[in-house]
Every structure is written in C-alpha cells, then in structure tokens.
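See below for the structure under consideration.
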Amino acid sequence: MVPPIPHQRDAMLREQRSFAVEDLTVDTELLESARQAGYTTKVLFISTEDPNLNVGRILVWMSRGGQAVPLGTIPESYDEAMKSLPEARRHAYDLLVYDNTPNGRGHRLVARFIAGELVKTTNTPPTWLKDVFGRELLGEAKQQEKSSPGR
C-alpha cells in the first residue's frame, strides 16, 4: 500500500510497478496519470449510508486502541468521497462499489462499472448509491427485469 504522497506515486508510475493507494477520496489525477502510463486502473469504493454511522464505528475503533481521528472531519470527508464517485467512474477502468452499511456483516458489491459503463448492480441498491447514479441504476434494474424469465 502506497500512501497518497505524490513523489512516491510518481516513482511507482515511472518504474511501472503495481501499487495500491488508500484514501478518503478518489484521486482522478492519479488515475489519469496511471492510465497514460499504461496501467489498468481499478477503484474499490466502499461507503455506508450515513457519515454518522462512520463516526460511531470510529468511536468504537478508537475505544479499542485504534488511531484517533478528528470526528468533526468525517461528515465533510464523506461528502467529498460521494462527490468523487462519479469522477472515479470516468477515470477508472474498473470501478467496484461496495456498501458497508450493515454492521458486522461485511461489505457487499452493489455496482460495477467497466470503462465507465454500468455492467452490474444489485437488485436493492442502497439509497446513497441511487443518490449518485439514480437514473442509470433504475434503467439497469428495468433492463434486468426484462431479461429475466417470467414466472
């Protein structure tokens, strides 16, 4: 895992080495630089339905000895991440979107885009995903209904 530090990322790109970056928002400049350098880019976007849920989980994490996080920054970071999701779709070759709302059950794949095209979605997309990609998800759901055999 490479921290989102520009000089380290640039070195990896120059050396044509595979790497991963973890960040709160999607760095579209990095995705574009990687694409131009010949990389196939993949973004795994994991979110929950509400930033307050994230605050609660971080409080639990901190109570168990996890690194302290300024709680006041979480709602703003959440909003920035949601705003970066449509851009990630335009810049990443493969975008996998996961919902991590249910506590203790792990994340579930709710949408996948390849080269900007929606290729997979769940039958029950979370509200936050519909808020970002609403019309397209509804269109995909209707298409899936038409293609499934009648009862």
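Identifiers for the structure tokens are assigned positionally: chains receive A, B, ... in sequence, residues are indexed from 1 per chain, and ligands are indexed from 1 in the order shown.
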
Among the residues of chain A, find those DSSP assigns to helix (DSSP H, G or I) from the backbone and print them as a PyMOL selection string.
chain A and resi 6-14+28-36+51-63+71-91+127-147

For the residues selected in the previous step, produce a file with C-alpha atoms as a short mmCIF file (atom, residue, chain, number, x, y, z; two decimals), in the first residue's frame.
```
data_model
loop_
_atom_site.label_atom_id
_atom_site.label_comp_id
_atom_site.auth_asym_id
_atom_site.auth_seq_id
_atom_site.Cartn_x
_atom_site.Cartn_y
_atom_site.Cartn_z
CA PRO A 6 2.77 12.42 -4.77
CA HIS A 7 6.52 11.74 -5.01
CA GLN A 8 6.05 8.08 -4.02
CA ARG A 9 3.23 7.58 -6.52
CA ASP A 10 5.22 9.27 -9.27
CA ALA A 11 8.17 6.97 -8.64
CA MET A 12 5.92 3.91 -8.87
CA LEU A 13 4.47 5.16 -12.16
CA ARG A 14 7.92 5.84 -13.62
CA THR A 28 -8.63 11.35 -10.53
CA GLU A 29 -5.31 12.95 -11.48
CA LEU A 30 -3.51 9.82 -10.30
CA LEU A 31 -5.94 7.61 -12.21
CA GLU A 32 -5.38 9.62 -15.37
CA SER A 33 -1.59 9.59 -14.94
CA ALA A 34 -1.67 5.83 -14.41
CA ARG A 35 -3.86 5.32 -17.48
CA GLN A 36 -1.49 7.39 -19.59
CA PRO A 51 -21.47 9.65 7.87
CA ASN A 52 -22.84 9.41 11.42
CA LEU A 53 -22.60 5.63 11.15
CA ASN A 54 -18.93 6.11 10.30
CA VAL A 55 -18.50 8.36 13.35
CA GLY A 56 -19.96 5.66 15.58
CA ARG A 57 -17.71 2.97 14.13
CA ILE A 58 -14.64 5.16 14.51
CA LEU A 59 -15.52 5.85 18.15
CA VAL A 60 -15.67 2.10 18.77
CA TRP A 61 -12.39 1.63 16.90
CA MET A 62 -10.70 4.38 18.95
CA SER A 63 -12.04 2.87 22.21
CA LEU A 71 -14.57 13.27 14.35
CA GLY A 72 -15.65 16.68 13.05
CA THR A 73 -13.97 15.99 9.71
CA ILE A 74 -15.92 12.80 8.97
CA PRO A 75 -19.12 14.33 7.51
CA GLU A 76 -17.09 16.59 5.18
CA SER A 77 -14.88 13.68 4.12
CA TYR A 78 -18.00 11.60 3.45
CA ASP A 79 -19.47 14.34 1.24
CA GLU A 80 -16.17 14.72 -0.65
CA ALA A 81 -15.99 10.97 -1.22
CA MET A 82 -19.53 10.90 -2.61
CA LYS A 83 -18.72 13.80 -4.93
CA SER A 84 -15.63 11.95 -6.18
CA LEU A 85 -17.53 8.77 -7.06
CA PRO A 86 -18.91 9.91 -10.45
CA GLU A 87 -15.43 11.15 -11.38
CA ALA A 88 -13.95 7.80 -10.41
CA ARG A 89 -16.32 6.21 -12.89
CA ARG A 90 -14.97 8.40 -15.68
CA HIS A 91 -11.30 7.85 -14.87
CA THR A 127 -30.00 4.98 -1.10
CA TRP A 128 -26.57 6.62 -1.22
CA LEU A 129 -25.78 4.79 -4.48
CA LYS A 130 -29.13 5.80 -6.00
CA ASP A 131 -28.41 9.40 -4.99
CA VAL A 132 -25.17 9.30 -7.01
CA PHE A 133 -26.21 7.19 -10.03
CA GLY A 134 -30.02 7.20 -9.71
CA ARG A 135 -31.40 7.18 -13.24
CA GLU A 136 -28.80 4.82 -14.57
CA LEU A 137 -29.38 2.30 -11.78
CA LEU A 138 -33.12 2.42 -12.37
CA GLY A 139 -32.58 1.85 -16.08
CA GLU A 140 -30.32 -1.13 -15.38
CA ALA A 141 -32.86 -2.61 -12.97
CA LYS A 142 -35.60 -2.35 -15.61
CA GLN A 143 -33.32 -3.97 -18.18
CA GLN A 144 -32.57 -6.85 -15.77
CA GLU A 145 -36.33 -7.34 -15.21
CA LYS A 146 -36.95 -7.55 -18.96
CA SER A 147 -34.15 -10.06 -19.49
#
```

Range 106-108 of chain A surroundings by only C-alpha atoms, 10 Å radius, close-in-sequence under 6 positions cut, as a ChimeraX atom specification:
/A:46-48,97-100,122

Would you mind reading off the distance between CA of Ile5 in chain A and CA of Gly65 in chain A, one decimal, in Å?
25.7 Å

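Going from CA of Lys42 in chain A to CA of Glu15 in chain A covers 18.6 Å.
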
Please identify which residues in range 1-74 of chain A DSSP calls strand (DSSP E or B) from the backbone, and express them as a VMD selection string.
chain A and resid 2 21 42 to 47

Residues of range 30-96 of chain A that approach range 109-116 of chain A to 7 Å or less, counting only C-alpha atoms: could you list each one with the shortest pair of atoms and its distance in Å to one decimal, rows by chain and increasing residue number, as JSON lines?
```
{"residue": "A:Arg89", "atom": "CA", "partner": "A:Gly116", "partner_atom": "CA", "distance": 5.3}
{"residue": "A:Arg90", "atom": "CA", "partner": "A:Gly116", "partner_atom": "CA", "distance": 5.4}
{"residue": "A:Ala92", "atom": "CA", "partner": "A:Ala115", "partner_atom": "CA", "distance": 6.9}
{"residue": "A:Tyr93", "atom": "CA", "partner": "A:Ala115", "partner_atom": "CA", "distance": 4.6}
{"residue": "A:Asp94", "atom": "CA", "partner": "A:Ile114", "partner_atom": "CA", "distance": 4.7}
{"residue": "A:Leu95", "atom": "CA", "partner": "A:Phe113", "partner_atom": "CA", "distance": 5.0}
{"residue": "A:Leu96", "atom": "CA", "partner": "A:Arg112", "partner_atom": "CA", "distance": 4.6}
```

Suppose we keep N, CA and C atoms; can you now write the selection as a compact mmCIF listing (two decimals), in the first residue's frame?
```
# COMPACT_ATOMS: atom_id res chain seq x y z
N ARG A 89 -15.73 6.98 -11.78
CA ARG A 89 -16.32 6.21 -12.89
C ARG A 89 -15.73 6.63 -14.23
N ARG A 90 -15.50 7.90 -14.40
CA ARG A 90 -14.97 8.40 -15.68
C ARG A 90 -13.48 8.12 -15.86
N ALA A 92 -11.49 5.61 -13.91
CA ALA A 92 -11.00 4.26 -13.61
C ALA A 92 -11.49 3.30 -14.69
N TYR A 93 -10.65 2.34 -15.03
CA TYR A 93 -11.10 1.31 -15.97
C TYR A 93 -12.14 0.43 -15.28
N ASP A 94 -11.86 0.02 -14.06
CA ASP A 94 -12.75 -0.88 -13.33
C ASP A 94 -13.11 -0.22 -12.00
N LEU A 95 -14.38 0.06 -11.80
CA LEU A 95 -14.86 0.67 -10.56
C LEU A 95 -15.82 -0.30 -9.89
N LEU A 96 -15.42 -0.77 -8.71
CA LEU A 96 -16.25 -1.65 -7.91
C LEU A 96 -16.76 -0.85 -6.71
```
